[in-house]
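Q: Mind having a look at this structure? Questions to follow.
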Amino acid sequence: MAVKSRIREERNARRVVHRPIIMEKDPVHNREENLVLALEALKKALGDEWATDSPSILCGYARDQSMTPASYPHIVCMPASVEDVQSVYRIANEHLVDVMPYGTGLTTAGLALPTFGGIVADLRRMDSIIEIDGENMFATIEPGVNYLVLQVEAQRAGCRLLNPSTSATAGVISNHLFCNINTMASKYGFGMDNILDVEAVLPTGEILRTGAMSYGAVKGTVPGPGPDISTMLRYAFGTMGIVTKMTIRLYPEAPFHQQVFPAYEEDNLEVFAEALYDVAQDNLSLELAHLMNSFYGIFIGDNNKEASKVAELMPRHNLLTIFGGETQDEADLKADLTQRMLTEKYPMFDYLPKEAIADMTEENEFVDMEKWVKYFNVTVRVQRVRGSFIIGALIDKLNNMVGIEKTMRDSCTNQIGTTDDALAPDDASTYLQPYHMGRSAYMEYDVYTNQADKDDLIRIQLGWYSATFGAMAQGMIIAAGAGALIKGMMPMMDVAMPAVMPNMVQFLEAFTKMKMAVDPNNVSNRRWEYEDGCMKKFILF
Amino acid sequence: MKRQITAPRETLAELREDFSLCGKCKLCQAVMAQQCDDPRFWRNCPSGTRFRYEAYYAPGKLEMARCLDLVEIEPDDSMRHALYTCMLCGSCDDRCYPVKQLHPLWVIQLLREQAIADEWAPMENFAGLLANAEKTDNVYGVGAEERAGWAKGMKIKDALAEKVEYLLFVGDDYGSFPSLAGRMKAVAKVLARGGVDFGTLGTAEVSSGSALLMIGDRDYFETFASANIESFEKAGVTKVVTADPHAAAVLTEEYTKSYDMEVLSFAELAAKLVSEGKLKPSKDVKTKAVYHDPCRLGRRLGVFDEPREVLAAIPGLELLEFERARKNSLCCGGGGSVFMWEPEYARWVTDERLFEAEQVGAEAIITACPICVRLFEDAIEEKKTNMKVYDLAEILEKAL
């Protein structure tokens, strides 16, 4: 049986041993002797099977699809109940070990990677839909519930979810806490605006219940007595505790739909930003977004080749407008009114006839119209072509996106080269999402590159920094989303932040005080040290 | 070993792109999102569903491969367990390849081959299987005479003695279990009724090597493959038909690398005979049955429609579909030879599939794989339910 391994020989010949940033020694937290005790205690509390320090299990939690370097946890555990989560925090505080919550692990930005090791609490065993109420239009769920499951269940109750542009297997709770960008945001807001109540285990192990859940009222009807402290868990990324239950709003599923596809070949985003604002203000459309041709490529094509082909077939800028109605006439009327308004104000637009999409479906085997419509109307699913790279930005004014897009494009085109396996920088695309009837917006800027290529990775890092800080200077509110992470990210952050965004100083101070109050031992997603306000290591992202 | 039929071999390092580019979208743990109508049945990765840690899903295994490649970790018991509880059902591959052109299934197979080559595979799990193969040329330890016993009383041509159009390749399972002997007879009877000129290798047929390849022992697999190919050469075989999808998969994907032949599954040939009017199912078989797509026959070889065409031609049979059907089919628990060393877990998967059959209102499960048939029957016997299990050939023969 003993056979010489070519792989081992090759590996030895290469003599390159990559060592990730792994399980660093910390004089205070995650001490070796404490980790042994913590593992023992976790096994006792959760059951032998549900806590481990085996490296081959740990390695599954060390990387995600971001460019963040590998960071191994010391221990992975899988709590199955709120009591289990309390036990995890109790043990973490007792032994001073860090805890990083892990919902379903779909983050594209290194958000669930355990920066300093410690315990990763994989919450996928907590996967129950506790209650779903079609009449009052809400669902109460656990953190392991994903969009695929909840969407199907909601449809059975005559409702639908705010489907984000992510994989169907993404966790609902974690996504709703991290904004939840969806194509209905213009009408109903982002997911984070639709959280009715939460149950969370604070880092001290105490249970916090907010909203209706806290006083036993009928859920989904009223938001409960104020102040609504559940908002402190938005964008907190586990710094404030672990959410174990959440009630979110559902919306009625429109039985009939109609679409209008305004398109503009000229590369003039300004015109499209205005048009987007006008459609958002009319508030007739159920779903509204701007997609560049290459973004269509990702939605419709199944791979890079198909994505490029679709991008060639589509005009440069496209508005996606989907109208819903109780009857087909109602949906048609809304679509017709919108098209009339756009025709009058923007005579330069073309309108893709629905037949054009049908023709494209017929001519190109890979264009599946049914799949496309179902994506937007019914099922969440994004098919990311290989090696996609994303910058997402919240923007205070829809018009600001023009300058921001230009900054991002310049930065990325200058920094990110092409490899055989990546789409050219010209194929970078933008996706604009008006929010709250156009009063603000979300913009996603995607560059497709080969993440397996080291040179590309370096260029991406540089491109990301250049694009992000350039865009922030023009009004991009990235800090709103990343506040919990930015604090102390690098030593000069406390100096740099006021220069770019003066109001952030007050916010960061308040956030720091809150964090110190709910997590006195700084065990829950420790981002910075309480003593000096800095991170112990510089995180590349 | 007389020949290396799969040389030059692929190594894990050659799939570096596949295990480095996984975006961890986790679609591989589910059925096709658009085709999920019942959230109870959204999961489709047996080992991930049972053991839950990331390592038991495809992205975790790709990560293991990457970390081994980068020499970040060494194999340990957890890696062995995660690797050898994967049923190689290919559901992850089927979700991933169309979207990202990655092949998690190949990575897992090559990880197993590396585990054997580098001697860190859990050899204690395979001791019986390997000893059986050594002693009897059959992974279940059934001797050649006994294996050929199913054909007793039937006039089946000896392909080594006379020229036949089709070689009927029996495979490891049909001849090894008394409960399957009658089903193998049904296969031969159906072919005969359809006027197919076929014969077998009789006692000269040895294991297809499928189980050996699944544990990652490519060398030993090739020993058996070479022996069979030698018999094929002697018999001048140009067409092979087999009712065992595991055999069909290795015959198609591996044997043909060094021996030119056409390989057909029984389901494909039966469908052809029915459509050409050579087989006319006329007797009523009154039952509400659900068809279970075997992983190797369905996802691996793409045979989805043919068995359904055969069943649609049977009068009285009401054909139902699983919630997880065709490409979304859940493994029966018999994939990857895991049932040989993790019987309780395999039974857990079989029970889940039986539950699904009951949920769709089936009185019977029809499948086209001897391992599926055996696992379903064992589980039903233990649960003492009224569910019936039929092999495709068996139910077709009833209707003729």
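Just remember, in the structure tokens the first chain shown is A, the second B, etc., residues are 1-based per chain, and ligands are 1-based in the order shown.
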Would you pick out the contacts of B:Arg147 at 12 Å or less, using only C-alpha atoms, so that residues sharing its chain but fewer than 5 positions from it are not included, and give the list as a PyMOL selection string?

A: chain B and resi 136-142+152+170-178+180-181+184+201-207

Q: Would you mind exporting C-alpha atoms of the selected residues as a compact mmCIF listing (two decimals), in the first residue's frame?

A:
```
# COMPACT_ATOMS: atom_id res chain seq x y z
CA THR B 136 -12.38 -12.94 -3.35
CA ASP B 137 -12.01 -10.15 -5.95
CA ASN B 138 -15.16 -8.70 -4.44
CA VAL B 139 -15.42 -6.01 -1.78
CA TYR B 140 -18.14 -7.90 0.08
CA GLY B 141 -16.07 -11.09 0.29
CA VAL B 142 -18.35 -13.18 -1.94
CA LYS B 152 -28.67 -20.24 -12.15
CA VAL B 170 -23.01 -7.35 -13.18
CA GLY B 171 -20.95 -5.21 -10.78
CA ASP B 172 -20.08 -5.80 -7.15
CA ASP B 173 -23.51 -5.75 -5.54
CA TYR B 174 -26.07 -7.70 -7.55
CA GLY B 175 -24.24 -11.01 -7.24
CA SER B 176 -23.22 -10.50 -3.64
CA PHE B 177 -26.57 -10.33 -1.85
CA PRO B 178 -29.36 -12.90 -2.08
CA LEU B 180 -30.55 -8.67 -5.15
CA ALA B 181 -30.18 -11.93 -7.10
CA MET B 184 -30.40 -9.20 -11.46
CA LEU B 201 -18.22 -12.79 -18.11
CA GLY B 202 -19.54 -15.24 -15.53
CA THR B 203 -16.95 -16.07 -12.88
CA ALA B 204 -14.28 -14.15 -14.80
CA GLU B 205 -15.84 -10.80 -13.86
CA VAL B 206 -14.09 -9.22 -10.89
CA SER B 207 -14.98 -6.15 -8.88
```

Q: For chain B against chain A, with a cut-off of 9 Å and counting only C-alpha atoms, what is the closest atom pair and its distance in Å to one decimal for every residue that makes the cut, ordered by chain and number, as JSON lines?

A:
```
{"residue": "B:Thr11", "atom": "CA", "partner": "A:Ile7", "partner_atom": "CA", "distance": 6.6}
{"residue": "B:Leu12", "atom": "CA", "partner": "A:Ile7", "partner_atom": "CA", "distance": 7.2}
{"residue": "B:Ala13", "atom": "CA", "partner": "A:Ile7", "partner_atom": "CA", "distance": 6.8}
{"residue": "B:Arg16", "atom": "CA", "partner": "A:Ala452", "partner_atom": "CA", "distance": 8.9}
{"residue": "B:Glu17", "atom": "CA", "partner": "A:Ala452", "partner_atom": "CA", "distance": 6.9}
{"residue": "B:Ser20", "atom": "CA", "partner": "A:Ala452", "partner_atom": "CA", "distance": 6.2}
{"residue": "B:Leu21", "atom": "CA", "partner": "A:Ala452", "partner_atom": "CA", "distance": 6.4}
{"residue": "B:Cys22", "atom": "CA", "partner": "A:Gln65", "partner_atom": "CA", "distance": 7.4}
{"residue": "B:Gly23", "atom": "CA", "partner": "A:Gln65", "partner_atom": "CA", "distance": 4.9}
{"residue": "B:Lys24", "atom": "CA", "partner": "A:Leu106", "partner_atom": "CA", "distance": 6.3}
{"residue": "B:Cys25", "atom": "CA", "partner": "A:Leu106", "partner_atom": "CA", "distance": 5.9}
{"residue": "B:Lys26", "atom": "CA", "partner": "A:Thr169", "partner_atom": "CA", "distance": 6.1}
{"residue": "B:Leu27", "atom": "CA", "partner": "A:Thr169", "partner_atom": "CA", "distance": 6.0}
{"residue": "B:Gln29", "atom": "CA", "partner": "A:Thr169", "partner_atom": "CA", "distance": 8.3}
{"residue": "B:Ala30", "atom": "CA", "partner": "A:Thr169", "partner_atom": "CA", "distance": 7.7}
{"residue": "B:Ala33", "atom": "CA", "partner": "A:Leu148", "partner_atom": "CA", "distance": 6.4}
{"residue": "B:Gln34", "atom": "CA", "partner": "A:Thr379", "partner_atom": "CA", "distance": 6.2}
{"residue": "B:Cys36", "atom": "CA", "partner": "A:Val152", "partner_atom": "CA", "distance": 7.4}
{"residue": "B:Asp37", "atom": "CA", "partner": "A:Val152", "partner_atom": "CA", "distance": 6.5}
{"residue": "B:Asp38", "atom": "CA", "partner": "A:Val152", "partner_atom": "CA", "distance": 6.9}
{"residue": "B:Pro39", "atom": "CA", "partner": "A:Val149", "partner_atom": "CA", "distance": 5.0}
{"residue": "B:Arg40", "atom": "CA", "partner": "A:Val149", "partner_atom": "CA", "distance": 8.1}
{"residue": "B:Trp42", "atom": "CA", "partner": "A:Val149", "partner_atom": "CA", "distance": 7.0}
{"residue": "B:Phe51", "atom": "CA", "partner": "A:Glu49", "partner_atom": "CA", "distance": 8.7}
{"residue": "B:Arg52", "atom": "CA", "partner": "A:Arg125", "partner_atom": "CA", "distance": 7.4}
{"residue": "B:Tyr53", "atom": "CA", "partner": "A:Ile57", "partner_atom": "CA", "distance": 7.1}
{"residue": "B:Glu54", "atom": "CA", "partner": "A:Gly60", "partner_atom": "CA", "distance": 5.6}
{"residue": "B:Ala55", "atom": "CA", "partner": "A:Ile57", "partner_atom": "CA", "distance": 5.4}
{"residue": "B:Tyr56", "atom": "CA", "partner": "A:Ile57", "partner_atom": "CA", "distance": 8.6}
{"residue": "B:Pro59", "atom": "CA", "partner": "A:Gly60", "partner_atom": "CA", "distance": 7.4}
{"residue": "B:Gly60", "atom": "CA", "partner": "A:Gly60", "partner_atom": "CA", "distance": 4.7}
{"residue": "B:Lys61", "atom": "CA", "partner": "A:Gly60", "partner_atom": "CA", "distance": 7.8}
{"residue": "B:Leu62", "atom": "CA", "partner": "A:Gly60", "partner_atom": "CA", "distance": 8.6}
{"residue": "B:Glu63", "atom": "CA", "partner": "A:Gly60", "partner_atom": "CA", "distance": 5.8}
{"residue": "B:Met64", "atom": "CA", "partner": "A:Ser56", "partner_atom": "CA", "distance": 6.3}
{"residue": "B:Cys67", "atom": "CA", "partner": "A:Cys59", "partner_atom": "CA", "distance": 7.2}
{"residue": "B:Asp69", "atom": "CA", "partner": "A:Arg11", "partner_atom": "CA", "distance": 7.5}
{"residue": "B:Leu70", "atom": "CA", "partner": "A:His18", "partner_atom": "CA", "distance": 5.5}
{"residue": "B:Val71", "atom": "CA", "partner": "A:Val17", "partner_atom": "CA", "distance": 5.9}
{"residue": "B:Glu72", "atom": "CA", "partner": "A:Arg19", "partner_atom": "CA", "distance": 6.1}
{"residue": "B:Ile73", "atom": "CA", "partner": "A:Pro55", "partner_atom": "CA", "distance": 6.5}
{"residue": "B:Glu74", "atom": "CA", "partner": "A:Ser56", "partner_atom": "CA", "distance": 7.9}
{"residue": "B:Pro75", "atom": "CA", "partner": "A:Ser56", "partner_atom": "CA", "distance": 7.2}
{"residue": "B:Asp76", "atom": "CA", "partner": "A:Ser56", "partner_atom": "CA", "distance": 7.0}
{"residue": "B:Asp77", "atom": "CA", "partner": "A:Ser54", "partner_atom": "CA", "distance": 8.3}
{"residue": "B:Ser78", "atom": "CA", "partner": "A:Ser56", "partner_atom": "CA", "distance": 6.3}
{"residue": "B:Met79", "atom": "CA", "partner": "A:Ser56", "partner_atom": "CA", "distance": 5.5}
{"residue": "B:Ala82", "atom": "CA", "partner": "A:Ile57", "partner_atom": "CA", "distance": 8.7}
{"residue": "B:Pro98", "atom": "CA", "partner": "A:Asp302", "partner_atom": "CA", "distance": 6.1}
{"residue": "B:Val99", "atom": "CA", "partner": "A:Asp302", "partner_atom": "CA", "distance": 5.1}
{"residue": "B:Lys100", "atom": "CA", "partner": "A:Arg386", "partner_atom": "CA", "distance": 5.5}
{"residue": "B:Gln101", "atom": "CA", "partner": "A:Asn303", "partner_atom": "CA", "distance": 7.4}
{"residue": "B:Gln114", "atom": "CA", "partner": "A:Ser5", "partner_atom": "CA", "distance": 7.4}
{"residue": "B:Ile116", "atom": "CA", "partner": "A:Met1", "partner_atom": "CA", "distance": 8.0}
{"residue": "B:Ala117", "atom": "CA", "partner": "A:Val3", "partner_atom": "CA", "distance": 5.4}
{"residue": "B:Asp118", "atom": "CA", "partner": "A:Ser5", "partner_atom": "CA", "distance": 5.9}
{"residue": "B:Glu119", "atom": "CA", "partner": "A:Ala2", "partner_atom": "CA", "distance": 7.0}
{"residue": "B:Asp217", "atom": "CA", "partner": "A:Met1", "partner_atom": "CA", "distance": 8.6}
{"residue": "B:Asp219", "atom": "CA", "partner": "A:Met1", "partner_atom": "CA", "distance": 8.5}
{"residue": "B:Tyr220", "atom": "CA", "partner": "A:Met1", "partner_atom": "CA", "distance": 8.6}
```

Q: Might you pull out every residue within 8 Å of stretch 518-521 of chain A, with only C-alpha atoms counted and same-chain residues fewer than 6 positions away left off, and present them as an MDAnalysis selection string?

A: chainID A and resid 93 96 202:204 240

Q: Tell me which of A:Met504, A:Met232, A:Val28, A:Ala157 sits closest to A:Gly118, counting only C-alpha atoms.

A: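 Comparing A:Met504, A:Met232, A:Val28, A:Ala157 against A:Gly118, the winner is A:Val28.
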
Q: What separation in Å, quoted to one decimal, exists between atom CA of A:Phe349 and atom CA of A:Leu320?

A: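 These atoms are spaced 13.2 Å apart.
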
Q: Enter the distance from atom CA of A:Phe507 to atom CA of A:Met246, in Å, rounded to one decimal.

A: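 According to the coordinates, atom CA of A:Phe507 and atom CA of A:Met246 are separated by 25.3 Å.
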
Q: So that I can check the surroundings of stretch 373-384 of chain B, please list as a PyMOL selection string every protein, DNA and RNA residue that reaches within 8 Å of it, counting only C-alpha atoms and ignoring chain neighbours fewer than 4 positions away.

A: chain B and resi 179-180+332-334+347+350-351+354+367-369+388-391

Q: Dump N, CA and C atoms for the selected residues as a short mmCIF file (atom, residue, chain, number, x, y, z; two decimals), in the first residue's frame?

A:
```cif
data_model
loop_
_atom_site.label_atom_id
_atom_site.label_comp_id
_atom_site.auth_asym_id
_atom_site.auth_seq_id
_atom_site.Cartn_x
_atom_site.Cartn_y
_atom_site.Cartn_z
N SER B 179 -30.76 -10.95 -1.67
CA SER B 179 -31.95 -10.12 -1.93
C SER B 179 -31.88 -9.43 -3.29
N LEU B 180 -30.69 -9.36 -3.86
CA LEU B 180 -30.55 -8.67 -5.15
C LEU B 180 -30.50 -9.65 -6.33
N CYS B 332 -28.96 8.26 -1.06
CA CYS B 332 -29.72 7.27 -0.29
C CYS B 332 -28.99 6.87 0.98
N GLY B 333 -27.76 7.33 1.12
CA GLY B 333 -26.95 6.93 2.27
C GLY B 333 -25.88 5.93 1.86
N GLY B 334 -25.93 5.50 0.61
CA GLY B 334 -24.99 4.47 0.15
C GLY B 334 -23.81 5.03 -0.63
N ARG B 347 -27.49 5.15 7.80
CA ARG B 347 -28.91 4.86 8.05
C ARG B 347 -29.68 6.15 8.31
N THR B 350 -30.47 7.48 4.99
CA THR B 350 -31.51 6.66 4.35
C THR B 350 -32.88 7.00 4.96
N ASP B 351 -32.91 7.12 6.28
CA ASP B 351 -34.17 7.43 6.96
C ASP B 351 -34.74 8.77 6.51
N LEU B 354 -36.34 8.20 3.23
CA LEU B 354 -37.61 7.48 3.40
C LEU B 354 -38.70 8.44 3.90
N THR B 367 -35.92 2.63 -7.78
CA THR B 367 -34.62 3.21 -8.05
C THR B 367 -33.89 2.32 -9.06
N ALA B 368 -32.70 2.73 -9.43
CA ALA B 368 -31.99 1.96 -10.46
C ALA B 368 -30.55 1.73 -10.02
N CYS B 369 -30.39 1.36 -8.75
CA CYS B 369 -29.05 1.12 -8.20
C CYS B 369 -29.17 0.06 -7.11
N LYS B 388 -42.61 -0.07 -0.11
CA LYS B 388 -41.99 -1.13 -0.93
C LYS B 388 -40.81 -0.51 -1.69
N VAL B 389 -39.87 -1.36 -2.05
CA VAL B 389 -38.74 -0.89 -2.84
C VAL B 389 -38.61 -1.75 -4.09
N TYR B 390 -38.50 -1.11 -5.21
CA TYR B 390 -38.34 -1.86 -6.46
C TYR B 390 -37.12 -1.36 -7.22
N ASP B 391 -36.46 -2.32 -7.84
CA ASP B 391 -35.43 -1.96 -8.81
C ASP B 391 -36.16 -1.67 -10.13
#
```

Q: Contacts of B:Gln35 at 9 Å or less, counting only C-alpha atoms, minus same-chain residues fewer than 2 places along, as a ChimeraX atom specification?

A: /B:31-33,37,323-324,328

Q: Kindly save the residues from that selection, with N, CA and C atoms included, as a short mmCIF file (atom, residue, chain, number, x, y, z; two decimals), in the first residue's frame.

A:
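Written output follows (part00.cif):
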```
data_model
loop_
_atom_site.label_atom_id
_atom_site.label_comp_id
_atom_site.auth_asym_id
_atom_site.auth_seq_id
_atom_site.Cartn_x
_atom_site.Cartn_y
_atom_site.Cartn_z
N VAL B 31 -30.27 22.58 -2.19
CA VAL B 31 -30.81 22.25 -3.51
C VAL B 31 -30.74 23.53 -4.34
N MET B 32 -31.04 23.43 -5.63
CA MET B 32 -31.08 24.64 -6.46
C MET B 32 -32.11 25.59 -5.84
N ALA B 33 -31.66 26.80 -5.53
CA ALA B 33 -32.52 27.73 -4.78
C ALA B 33 -33.89 27.91 -5.43
N ASP B 37 -39.29 24.07 -3.08
CA ASP B 37 -40.68 24.40 -2.80
C ASP B 37 -41.06 24.11 -1.35
N GLU B 323 -39.41 15.79 -3.36
CA GLU B 323 -39.16 17.24 -3.33
C GLU B 323 -37.75 17.50 -3.87
N ARG B 324 -36.81 16.62 -3.48
CA ARG B 324 -35.45 16.74 -3.99
C ARG B 324 -35.27 15.68 -5.08
N ASN B 328 -31.35 17.61 -7.84
CA ASN B 328 -31.44 17.93 -6.41
C ASN B 328 -31.57 16.69 -5.54
#
```

Q: With distances taken over only C-alpha atoms, which of B:Trp150, B:Trp348, B:Tyr166, B:Phe224 is nearest to B:Thr238?

A: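 Result for the nearest residue to B:Thr238: B:Tyr166.
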
Q: Kindly give the distance, in Å, that separates atom CA of A:Ala45 and atom CA of A:Val120, rounded to a single decimal.

A: 15.3 Å

Q: Could you pull out the strand (DSSP E or B) residues of stretch 188-319 of chain B, going by DSSP on the backbone, and write them as a PyMOL selection string?

A: chain B and resi 198-200+239-242+262-265+287-292+317-319

Q: Of the residues B:Arg300, B:Lys288, B:His103, B:Lys283, which is the one nearest to B:Pro245, using only C-alpha atoms?

A: B:Arg300
